[in-house]
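Colleague: Input: one structure, supplied below.
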Amino acid sequence: MEVGQLKHALASHEVVDQAIGVIVATGHMSPGESFDVLREVSMHTNIKLRHVAELVIEWGRTGNLCADVRHELDRRLAQRRAQGAASQPA
């Protein structure tokens with residue numbers, strides 16, 4: 001791998017990690033679950049993971065998020081919350 005490719009990979013990783021932090025804070029879930037949410041939003045909106053991460057970071061900073069990503073993010077967070085509630089003992 002070239003130095004340029006390594007720098008790009010590192011920068012992408014940092015962006016994704018920051019977005020995971022936003023989802024951890026807003027979605028009250030683990031970093032692993034937050035990464036899964038990002039990945040699922042990326043897959044279901046057909047937007048590259050890094051770009052979804054950039055949008056989520058911007059949303060955390062400004063409160064603005066495009067409608068299609070917002071809808072899918074809300075959907076995935078609600079699904080994760082429901083799964084978590086179902087696994088809690090009564």
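Naming scheme: A, B, ... for chains in displayed order of the structure tokens; residues 1 onward per chain; ligands 1 onward as shown.
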If we count only C-alpha atoms, what is near Ile23 (chain A) at a cut-off of 12 Å, once residues fewer than 3 positions away on the same chain are taken out, given as a VMD selection string?
Modeller: chain A and resid 16 to 20 26 to 38 41 52 to 53 55 to 57 59 to 60 73 to 74 76 to 77 80
Colleague: Given the choices A:Glu14, A:Cys66, A:Glu58, A:Glu72, which gets closest to Met43 (chain A) if the distance is worked out from only C-alpha atoms?
Modeller: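 Looking only at the distances to Met43 (chain A), the closest residue turns out to be A:Glu72.
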Colleague: Nearest to Arg70 (chain A): which of A:Ser12, A:Arg39, A:Thr45, A:Val24 is it, counting only C-alpha atoms?
Modeller: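 Checking each of A:Ser12, A:Arg39, A:Thr45, A:Val24 against Arg70 (chain A), counting only C-alpha atoms, the winner is A:Thr45.
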Colleague: What residues in chain A get the DSSP label helix (DSSP H, G or I)? Please answer as a PyMOL selection string.
Modeller: chain A and resi 3-27+31-45+49-62+67-87
Colleague: Considering only C-alpha atoms, can you say which of A:Asn64, A:Val15, A:Arg81, A:Val69 comes closest to Arg50 (chain A)?
Modeller: A:Val15
Colleague: Of the candidates A:Gln79, A:Val22, A:Ile47, A:Ala86, which one gets nearest to Thr62 (chain A) if we count only C-alpha atoms?
Modeller: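 Nearest to Thr62 (chain A): A:Val22.
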Colleague: Could you check how far CA of Arg75 (chain A) sits from CA of His51 (chain A), in Å to one decimal?
Modeller: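 We find that CA of Arg75 (chain A) and CA of His51 (chain A) lie 18.6 Å from each other.
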Colleague: Could you check how far CA of Ala25 (chain A) sits from CA of Asn46 (chain A), in Å to one decimal?
Modeller: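 A separation of 24.6 Å between them.
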